[in-house]
Amino acid sequence: MTTELITKPALKAESEKLCFYYGGGVQALKSVSLSIPDRHATALIGPSGCGKTTYLRCLNRMHDLYPGNRYVGTVWLYPDGLNIVDHTIDPIEIRMRVGMVFQKPNPFPTSIYENVAYGLRIRGAMTRSDLDGIVEQSLKDAALWPEVKDRLRDLASNLSGGQQQRLCIARALATSPEMLLFDEPTSALDPTATARIEELVQELKQRITIVIVTHNMQQAARVSDYTAFMYEGELVEVDRTEKIFTNPSNKLTEEYVTGRFG
Amino acid sequence: MQRHIDQELADLKSQILRMGGLVESQIEGSIKALVDRDADLASRIIERDTLVNTMDVEIDENCMRLLALQAPAASDLRFVTTAMKISTELERMSDLSENISERVIELNEEPQLKPYIDIPRMANWTMRMVRESLDAFVRSDAALARKVCADDDFVDNLQHQLFRELLSFMIENPATITRAIRLTFVGKSLERIADHATNIAELVIYMAEGKIIRHTAPSVLSENEP
């Protein structure tokens, strides 16, 4: 235990008393203070409506897409200590640094190549060979390259569901994000495709901070280093994943992970 | 909310209790066979060990199935893994009762070396430890489990005392050596049974509190006491 305290990882992000209100005035997050360790995977678990996806979406200002939504509190992004939810900060800048992969694969209706190159193109001018290089590397990092290298000009929609999801991961990786958010990334995938995504998360967390929302507790147990349990908009408990699944401190967490409710 | 797994866990608990009851009667029977010089009883104890082995395998299979199909977590997970380990401890206790019974049959071929006082005393303590370790398991009672751990010292001391006494027999009269060594084995087996009861108690503390106290010094143990 003691050594663990000494070797505690640096933080990538940290929310302090984060509250979030949807346009209609509904409070979805109640003063959530959560530390997200750098280059580790943190899983958010909890029953439907507990606020885990809402929390995840705060981390790259996804809520800004709808009017009336309101953040109160702070979410620090390290190492520079930028406040993610400060409205004077351009959400595009945040999203360059904090990528997101959604529940259902959502490739753009273009080629495989263009899907990955998209973020780089909007970021600015780049030589063709640079672009080719990054597209290839991103597809390799997303463990998709061997399957698509001979068909980069094919429509992304021709890929299988699992491949599409890995393409979305490649697309997110192309802009070299520091943190990647996964919102139930495998709930629409079969077990084999799920296993590949989980493998990928294990690999990516060596160099990118991962935050993953999942309904599948075994998935949280398999892929994450830290697990945060949320309930009714509040953070109930956060600890090392191993602790949460073998001996949680909070009774509510215990009841949730043993399937007594939720 | 009543969960499907609750019934399975309750079944597992009663399976452990049935096995525990059988093992207690194995220990008791082996000592009764010694005191009464009853070779028939000793033979029955030896035969019954296969029953205990079968139960051990059944409990193992049941736990594996629960782990694979129900993926238990937190206290459920600790319960299943503890049950699995307790079954191994009980199986070892039955093996040791079998060993005692084998010594009884050999001892019966010669006249009794001495009146048995310390061995039944040791056996009573040991059986109480076994019973209480299983009670602690059923009730998830860490305080009772800690008491069992502490009682082990007493059994250890009785075993040393028995050994010294038997050693004096052997020094005085080498003709007693065979019988004295066999009785030493009986004492050692009882002491080992008490150790297995202590292991169960330590597992129960883990199950109840999530703290692993095995292989820790006794001082650390008592610090943890409420």
# chains A, B, ... in the order shown; residues from 1 in each chain; ligands from 1
call {"tool": "closest_atom_pairs", "arguments": {"of": "chain A", "to": "chain B", "cutoff": "12 Å", "atoms": "only C-alpha atoms", "output": "Markdown table"}}
result
| residue | atom | partner | partner_atom | distance |
| --- | --- | --- | --- | --- |
| A:Asn216 | CA | B:Ala71 | CA | 11.6 |
| A:Met217 | CA | B:Ala73 | CA | 9.4 |
| A:Gln218 | CA | B:Ala71 | CA | 7.9 |
| A:Gln219 | CA | B:Ala71 | CA | 11.6 |
| A:Ala221 | CA | B:Ala73 | CA | 9.8 |
| A:Thr241 | CA | B:Ala74 | CA | 11.1 |
| A:Glu242 | CA | B:Ala74 | CA | 9.5 |
| A:Lys243 | CA | B:Ala74 | CA | 8.4 |
| A:Ile244 | CA | B:Ala74 | CA | 7.2 |
| A:Phe245 | CA | B:Ala74 | CA | 5.0 |
| A:Thr246 | CA | B:Ala74 | CA | 4.0 |
| A:Asn247 | CA | B:Ala74 | CA | 5.0 |
| A:Pro248 | CA | B:Ala74 | CA | 6.7 |
| A:Ser249 | CA | B:Gly210 | CA | 9.7 |
| A:Asn250 | CA | B:Ala74 | CA | 11.0 |
| A:Lys251 | CA | B:Ala74 | CA | 10.5 |
| A:Leu252 | CA | B:Ala74 | CA | 11.6 |
| A:Thr253 | CA | B:Ala74 | CA | 9.2 |
| A:Glu254 | CA | B:Ala74 | CA | 6.3 |
| A:Glu255 | CA | B:Ala74 | CA | 8.8 |
| A:Tyr256 | CA | B:Ala73 | CA | 9.5 |
| A:Val257 | CA | B:Ala73 | CA | 6.0 |
| A:Thr258 | CA | B:Ala73 | CA | 5.3 |
| A:Gly259 | CA | B:Arg3 | CA | 7.9 |
| A:Arg260 | CA | B:Met1 | CA | 6.1 |
| A:Phe261 | CA | B:Met1 | CA | 7.2 |
| A:Gly262 | CA | B:Met1 | CA | 10.5 |
call {"tool": "select_by_dssp", "arguments": {"residues": "range 48-229 of chain A", "states": "strand (DSSP E or B)", "output": "MDAnalysis selection string"}}
result
chainID A and resid 70:77 82:83 98:101 111 155 179:183 209:213 226:229
call {"tool": "residues_around", "arguments": {"residues": "Leu77 in chain A", "least_positions_apart": "6", "cutoff": "9 Å", "atoms": "only C-alpha atoms", "output": "JSON, numbers by chain"}}
result
{"A": [11, 12, 13, 14, 15, 59, 83, 84]}
call {"tool": "closest_residue", "arguments": {"among": "B:Asp36, B:Asp153, B:Glu106, B:Glu28", "to": "Arg179 in chain B", "atoms": "only C-alpha atoms"}}
result
B:Glu106
call {"tool": "select_by_dssp", "arguments": {"residues": "range 74-261 of chain A", "states": "alpha helix (DSSP H)", "output": "number ranges by chain"}}
result
A: 91-97, 112-123, 128-141, 145-148, 161-174, 191-204, 217-223, 241-246, 251-257
call {"tool": "residues_around", "arguments": {"residues": "Ala43 in chain A", "least_positions_apart": "2", "cutoff": "8 Å", "atoms": "only C-alpha atoms", "output": "ChimeraX atom specification"}}
result
/A:41,45,211-214,220,224-228
call {"tool": "write_last_selection", "arguments": {"atoms": "C-alpha atoms", "output": "mmCIF file, in the first residue's frame"}}
result
data_model
loop_
_atom_site.group_PDB
_atom_site.id
_atom_site.type_symbol
_atom_site.label_atom_id
_atom_site.label_comp_id
_atom_site.auth_asym_id
_atom_site.auth_seq_id
_atom_site.Cartn_x
_atom_site.Cartn_y
_atom_site.Cartn_z
ATOM 1 C CA ALA A 41 -7.370 3.685 -17.948
ATOM 2 C CA ILE A 45 -19.487 2.626 -13.909
ATOM 3 C CA VAL A 211 -11.489 7.203 -19.709
ATOM 4 C CA ILE A 212 -14.092 4.583 -20.494
ATOM 5 C CA VAL A 213 -17.784 4.479 -19.686
ATOM 6 C CA THR A 214 -19.139 0.971 -19.680
ATOM 7 C CA ALA A 220 -14.307 -2.309 -16.589
ATOM 8 C CA SER A 224 -9.151 -0.297 -16.398
ATOM 9 C CA ASP A 225 -6.625 0.518 -13.690
ATOM 10 C CA TYR A 226 -9.006 2.734 -11.737
ATOM 11 C CA THR A 227 -12.745 2.524 -11.429
ATOM 12 C CA ALA A 228 -15.137 5.247 -10.378
#
call {"tool": "residues_around", "arguments": {"residues": "range 137-141 of chain A", "least_positions_apart": "2", "cutoff": "8 Å", "atoms": "only C-alpha atoms", "output": "ChimeraX atom specification"}}
result
/A:116,133-135,143-146,167,170-171,173-174,204
call {"tool": "residues_around", "arguments": {"residues": "Val155 in chain B", "least_positions_apart": "3", "cutoff": "8 Å", "atoms": "only C-alpha atoms", "output": "list in words"}}
result
Met122, Trp125, Thr126, Asp151, Asp152, Leu158, Gln159, Glu191 and Ala194 of chain B
call {"tool": "write_last_selection", "arguments": {"atoms": "C-alpha atoms", "output": "mmCIF file, in the first residue's frame"}}
result
data_model
loop_
_atom_site.group_PDB
_atom_site.id
_atom_site.type_symbol
_atom_site.label_atom_id
_atom_site.label_comp_id
_atom_site.auth_asym_id
_atom_site.auth_seq_id
_atom_site.Cartn_x
_atom_site.Cartn_y
_atom_site.Cartn_z
ATOM 1 C CA MET B 122 -5.387 -31.770 22.289
ATOM 2 C CA TRP B 125 -9.082 -28.171 21.469
ATOM 3 C CA THR B 126 -8.427 -28.987 17.852
ATOM 4 C CA ASP B 151 -6.010 -20.788 20.152
ATOM 5 C CA ASP B 152 -3.515 -22.446 17.831
ATOM 6 C CA LEU B 158 0.337 -29.346 24.039
ATOM 7 C CA GLN B 159 2.089 -30.996 21.140
ATOM 8 C CA GLU B 191 -1.299 -30.151 15.546
ATOM 9 C CA ALA B 194 -5.292 -27.227 14.184
#
